[in-house]
Amino acid sequence: MTRVFVCSCFGVTEAQVKQHAENGACTPRQIASACKAGTDCGSCVRRIQALLGRGSCPRRDLADQGKPVLAELQDLDEAA
């Protein structure tokens with residue numbers, strides 16, 4: 001299997017970004033928190049955005065419905 005690097009600064013692959021997205025990271029900032037990708041030179045941020053696309057994301061879904069995002073997430077965190 002060929003490794004496709006998204007972030008050369010931290011050696012983060014496309015597969016790793018997709019895995020973080022599957023685990024709930026919905027934005028480039030959340031990907032950065034998970035693996036540092038996008039936090040050094042920033043040249044990979046657009047690629048990360050492209051990988052994230054408009055897939056299912058609890059926060060984005062709430063925002064699209066006009067619901068408070070942070071309050072709902074806090075409730076979800078407390079339930080976990």
# chains A, B, ... in the order shown; residues from 1 in each chain; ligands from 1
>>> residues_around(residues="range 33-36 of chain A", least_positions_apart="6", cutoff="10 Å", atoms="only C-alpha atoms", output="PDB file with C-alpha atoms, in the first residue's frame")
ATOM      1  CA  CYS A   7       1.407  16.841   6.001  1.00  0.00           C
ATOM      2  CA  CYS A   9       6.052  18.593   8.370  1.00  0.00           C
ATOM      3  CA  PHE A  10       4.688  15.952  10.735  1.00  0.00           C
ATOM      4  CA  GLY A  11       4.567  12.907   8.442  1.00  0.00           C
ATOM      5  CA  VAL A  12       0.773  12.585   8.558  1.00  0.00           C
ATOM      6  CA  GLN A  16      -4.382   8.958   9.232  1.00  0.00           C
ATOM      7  CA  VAL A  17      -6.443  12.065   8.451  1.00  0.00           C
ATOM      8  CA  HIS A  20      -9.175  10.911  12.681  1.00  0.00           C
ATOM      9  CA  ALA A  21     -12.218  12.050  10.694  1.00  0.00           C
ATOM     10  CA  ASN A  23     -13.156   9.167  14.999  1.00  0.00           C
ATOM     11  CA  ALA A  25     -12.592  15.191  13.845  1.00  0.00           C
ATOM     12  CA  THR A  27     -12.577  20.359  10.875  1.00  0.00           C
TER      13      THR A  27
END
>>> residues_around(residues="Arg3 in chain A", least_positions_apart="6", cutoff="9 Å", atoms="only C-alpha atoms", output="count of residues only")
3
>>> atom_distance(atom1="CA of Arg47 in chain A", atom2="CA of Gln65 in chain A")
26.7 Å
>>> closest_residue(among="A:Gln19, A:Ser8, A:Thr2, A:Gly53", to="Thr39 in chain A", atoms="only C-alpha atoms")
A:Ser8
>>> decode(residues="range 20-52 of chain A", atoms="N, CA, C and O atoms", output="PDB file, in the first residue's frame")
ATOM      1  N   HIS A  20      -8.794   9.897  11.699  1.00  0.00           N
ATOM      2  CA  HIS A  20      -9.175  10.911  12.681  1.00  0.00           C
ATOM      3  C   HIS A  20     -10.578  11.446  12.374  1.00  0.00           C
ATOM      4  O   HIS A  20     -11.365  11.692  13.285  1.00  0.00           O
ATOM      5  N   ALA A  21     -10.883  11.592  11.082  1.00  0.00           N
ATOM      6  CA  ALA A  21     -12.218  12.050  10.694  1.00  0.00           C
ATOM      7  C   ALA A  21     -13.281  11.024  11.095  1.00  0.00           C
ATOM      8  O   ALA A  21     -14.344  11.383  11.606  1.00  0.00           O
ATOM      9  N   GLU A  22     -12.981   9.755  10.892  1.00  0.00           N
ATOM     10  CA  GLU A  22     -13.917   8.700  11.301  1.00  0.00           C
ATOM     11  C   GLU A  22     -14.113   8.692  12.817  1.00  0.00           C
ATOM     12  O   GLU A  22     -15.175   8.328  13.311  1.00  0.00           O
ATOM     13  N   ASN A  23     -13.080   9.114  13.538  1.00  0.00           N
ATOM     14  CA  ASN A  23     -13.156   9.167  14.999  1.00  0.00           C
ATOM     15  C   ASN A  23     -13.797  10.452  15.514  1.00  0.00           C
ATOM     16  O   ASN A  23     -13.843  10.673  16.715  1.00  0.00           O
ATOM     17  N   GLY A  24     -14.258  11.316  14.582  1.00  0.00           N
ATOM     18  CA  GLY A  24     -15.012  12.489  14.998  1.00  0.00           C
ATOM     19  C   GLY A  24     -14.396  13.838  14.709  1.00  0.00           C
ATOM     20  O   GLY A  24     -15.016  14.861  14.993  1.00  0.00           O
ATOM     21  N   ALA A  25     -13.192  13.899  14.183  1.00  0.00           N
ATOM     22  CA  ALA A  25     -12.592  15.191  13.845  1.00  0.00           C
ATOM     23  C   ALA A  25     -13.241  15.704  12.562  1.00  0.00           C
ATOM     24  O   ALA A  25     -13.131  15.074  11.518  1.00  0.00           O
ATOM     25  N   CYS A  26     -13.946  16.819  12.649  1.00  0.00           N
ATOM     26  CA  CYS A  26     -14.742  17.312  11.527  1.00  0.00           C
ATOM     27  C   CYS A  26     -14.147  18.527  10.830  1.00  0.00           C
ATOM     28  O   CYS A  26     -14.625  18.917   9.774  1.00  0.00           O
ATOM     29  N   THR A  27     -13.146  19.139  11.429  1.00  0.00           N
ATOM     30  CA  THR A  27     -12.577  20.359  10.875  1.00  0.00           C
ATOM     31  C   THR A  27     -11.054  20.243  10.829  1.00  0.00           C
ATOM     32  O   THR A  27     -10.471  19.431  11.552  1.00  0.00           O
ATOM     33  N   PRO A  28     -10.413  21.074  10.014  1.00  0.00           N
ATOM     34  CA  PRO A  28      -8.952  21.068  10.011  1.00  0.00           C
ATOM     35  C   PRO A  28      -8.368  21.341  11.400  1.00  0.00           C
ATOM     36  O   PRO A  28      -7.350  20.766  11.778  1.00  0.00           O
ATOM     37  N   ARG A  29      -9.014  22.184  12.175  1.00  0.00           N
ATOM     38  CA  ARG A  29      -8.527  22.479  13.523  1.00  0.00           C
ATOM     39  C   ARG A  29      -8.589  21.236  14.407  1.00  0.00           C
ATOM     40  O   ARG A  29      -7.687  20.972  15.203  1.00  0.00           O
ATOM     41  N   GLN A  30      -9.643  20.440  14.268  1.00  0.00           N
ATOM     42  CA  GLN A  30      -9.749  19.211  15.058  1.00  0.00           C
ATOM     43  C   GLN A  30      -8.732  18.174  14.594  1.00  0.00           C
ATOM     44  O   GLN A  30      -8.183  17.436  15.407  1.00  0.00           O
ATOM     45  N   ILE A  31      -8.459  18.143  13.290  1.00  0.00           N
ATOM     46  CA  ILE A  31      -7.410  17.262  12.782  1.00  0.00           C
ATOM     47  C   ILE A  31      -6.071  17.698  13.373  1.00  0.00           C
ATOM     48  O   ILE A  31      -5.274  16.875  13.824  1.00  0.00           O
ATOM     49  N   ALA A  32      -5.828  19.005  13.404  1.00  0.00           N
ATOM     50  CA  ALA A  32      -4.584  19.538  13.967  1.00  0.00           C
ATOM     51  C   ALA A  32      -4.444  19.140  15.435  1.00  0.00           C
ATOM     52  O   ALA A  32      -3.358  18.773  15.885  1.00  0.00           O
ATOM     53  N   SER A  33      -5.533  19.187  16.176  1.00  0.00           N
ATOM     54  CA  SER A  33      -5.492  18.793  17.586  1.00  0.00           C
ATOM     55  C   SER A  33      -5.173  17.312  17.735  1.00  0.00           C
ATOM     56  O   SER A  33      -4.510  16.907  18.683  1.00  0.00           O
ATOM     57  N   ALA A  34      -5.636  16.521  16.792  1.00  0.00           N
ATOM     58  CA  ALA A  34      -5.435  15.075  16.868  1.00  0.00           C
ATOM     59  C   ALA A  34      -4.021  14.650  16.470  1.00  0.00           C
ATOM     60  O   ALA A  34      -3.470  13.718  17.045  1.00  0.00           O
ATOM     61  N   CYS A  35      -3.422  15.342  15.473  1.00  0.00           N
ATOM     62  CA  CYS A  35      -2.139  14.845  14.952  1.00  0.00           C
ATOM     63  C   CYS A  35      -1.149  15.922  14.529  1.00  0.00           C
ATOM     64  O   CYS A  35      -0.132  15.599  13.927  1.00  0.00           O
ATOM     65  N   LYS A  36      -1.440  17.174  14.794  1.00  0.00           N
ATOM     66  CA  LYS A  36      -0.590  18.330  14.459  1.00  0.00           C
ATOM     67  C   LYS A  36      -0.582  18.713  12.985  1.00  0.00           C
ATOM     68  O   LYS A  36       0.009  19.720  12.620  1.00  0.00           O
ATOM     69  N   ALA A  37      -1.214  17.934  12.128  1.00  0.00           N
ATOM     70  CA  ALA A  37      -1.222  18.270  10.702  1.00  0.00           C
ATOM     71  C   ALA A  37      -1.820  19.659  10.501  1.00  0.00           C
ATOM     72  O   ALA A  37      -2.869  19.980  11.047  1.00  0.00           O
ATOM     73  N   GLY A  38      -1.122  20.484   9.733  1.00  0.00           N
ATOM     74  CA  GLY A  38      -1.601  21.830   9.433  1.00  0.00           C
ATOM     75  C   GLY A  38      -1.137  22.894  10.400  1.00  0.00           C
ATOM     76  O   GLY A  38      -1.475  24.061  10.246  1.00  0.00           O
ATOM     77  N   THR A  39      -0.348  22.522  11.401  1.00  0.00           N
ATOM     78  CA  THR A  39       0.038  23.501  12.411  1.00  0.00           C
ATOM     79  C   THR A  39       1.417  24.111  12.201  1.00  0.00           C
ATOM     80  O   THR A  39       1.799  25.021  12.925  1.00  0.00           O
ATOM     81  N   ASP A  40       2.174  23.626  11.214  1.00  0.00           N
ATOM     82  CA  ASP A  40       3.505  24.202  11.006  1.00  0.00           C
ATOM     83  C   ASP A  40       3.461  25.166   9.816  1.00  0.00           C
ATOM     84  O   ASP A  40       3.159  26.327   9.996  1.00  0.00           O
ATOM     85  N   CYS A  41       3.716  24.703   8.638  1.00  0.00           N
ATOM     86  CA  CYS A  41       3.753  25.620   7.485  1.00  0.00           C
ATOM     87  C   CYS A  41       2.354  25.931   6.945  1.00  0.00           C
ATOM     88  O   CYS A  41       2.150  26.933   6.293  1.00  0.00           O
ATOM     89  N   GLY A  42       1.389  25.047   7.191  1.00  0.00           N
ATOM     90  CA  GLY A  42       0.011  25.287   6.771  1.00  0.00           C
ATOM     91  C   GLY A  42      -0.309  24.917   5.336  1.00  0.00           C
ATOM     92  O   GLY A  42      -1.451  25.070   4.898  1.00  0.00           O
ATOM     93  N   SER A  43       0.664  24.422   4.584  1.00  0.00           N
ATOM     94  CA  SER A  43       0.401  24.131   3.173  1.00  0.00           C
ATOM     95  C   SER A  43      -0.556  22.964   2.971  1.00  0.00           C
ATOM     96  O   SER A  43      -1.112  22.799   1.891  1.00  0.00           O
ATOM     97  N   CYS A  44      -0.789  22.160   4.000  1.00  0.00           N
ATOM     98  CA  CYS A  44      -1.658  20.990   3.856  1.00  0.00           C
ATOM     99  C   CYS A  44      -3.110  21.247   4.259  1.00  0.00           C
ATOM    100  O   CYS A  44      -3.960  20.374   4.106  1.00  0.00           O
ATOM    101  N   VAL A  45      -3.411  22.431   4.759  1.00  0.00           N
ATOM    102  CA  VAL A  45      -4.755  22.696   5.283  1.00  0.00           C
ATOM    103  C   VAL A  45      -5.822  22.516   4.205  1.00  0.00           C
ATOM    104  O   VAL A  45      -6.865  21.913   4.459  1.00  0.00           O
ATOM    105  N   ARG A  46      -5.556  22.986   2.992  1.00  0.00           N
ATOM    106  CA  ARG A  46      -6.553  22.822   1.916  1.00  0.00           C
ATOM    107  C   ARG A  46      -6.769  21.352   1.575  1.00  0.00           C
ATOM    108  O   ARG A  46      -7.878  20.932   1.292  1.00  0.00           O
ATOM    109  N   ARG A  47      -5.718  20.574   1.609  1.00  0.00           N
ATOM    110  CA  ARG A  47      -5.846  19.130   1.339  1.00  0.00           C
ATOM    111  C   ARG A  47      -6.653  18.463   2.439  1.00  0.00           C
ATOM    112  O   ARG A  47      -7.488  17.596   2.171  1.00  0.00           O
ATOM    113  N   ILE A  48      -6.420  18.866   3.679  1.00  0.00           N
ATOM    114  CA  ILE A  48      -7.188  18.319   4.803  1.00  0.00           C
ATOM    115  C   ILE A  48      -8.661  18.680   4.635  1.00  0.00           C
ATOM    116  O   ILE A  48      -9.534  17.830   4.810  1.00  0.00           O
ATOM    117  N   GLN A  49      -8.942  19.923   4.264  1.00  0.00           N
ATOM    118  CA  GLN A  49     -10.328  20.343   4.031  1.00  0.00           C
ATOM    119  C   GLN A  49     -10.967  19.495   2.938  1.00  0.00           C
ATOM    120  O   GLN A  49     -12.118  19.075   3.065  1.00  0.00           O
ATOM    121  N   ALA A  50     -10.219  19.220   1.886  1.00  0.00           N
ATOM    122  CA  ALA A  50     -10.746  18.405   0.789  1.00  0.00           C
ATOM    123  C   ALA A  50     -11.043  16.987   1.255  1.00  0.00           C
ATOM    124  O   ALA A  50     -12.051  16.391   0.862  1.00  0.00           O
ATOM    125  N   LEU A  51     -10.169  16.431   2.098  1.00  0.00           N
ATOM    126  CA  LEU A  51     -10.399  15.078   2.606  1.00  0.00           C
ATOM    127  C   LEU A  51     -11.624  15.024   3.516  1.00  0.00           C
ATOM    128  O   LEU A  51     -12.357  14.042   3.513  1.00  0.00           O
ATOM    129  N   LEU A  52     -11.829  16.073   4.281  1.00  0.00           N
ATOM    130  CA  LEU A  52     -12.980  16.103   5.183  1.00  0.00           C
ATOM    131  C   LEU A  52     -14.277  16.287   4.412  1.00  0.00           C
ATOM    132  O   LEU A  52     -15.309  15.731   4.794  1.00  0.00           O
TER     133      LEU A  52
END
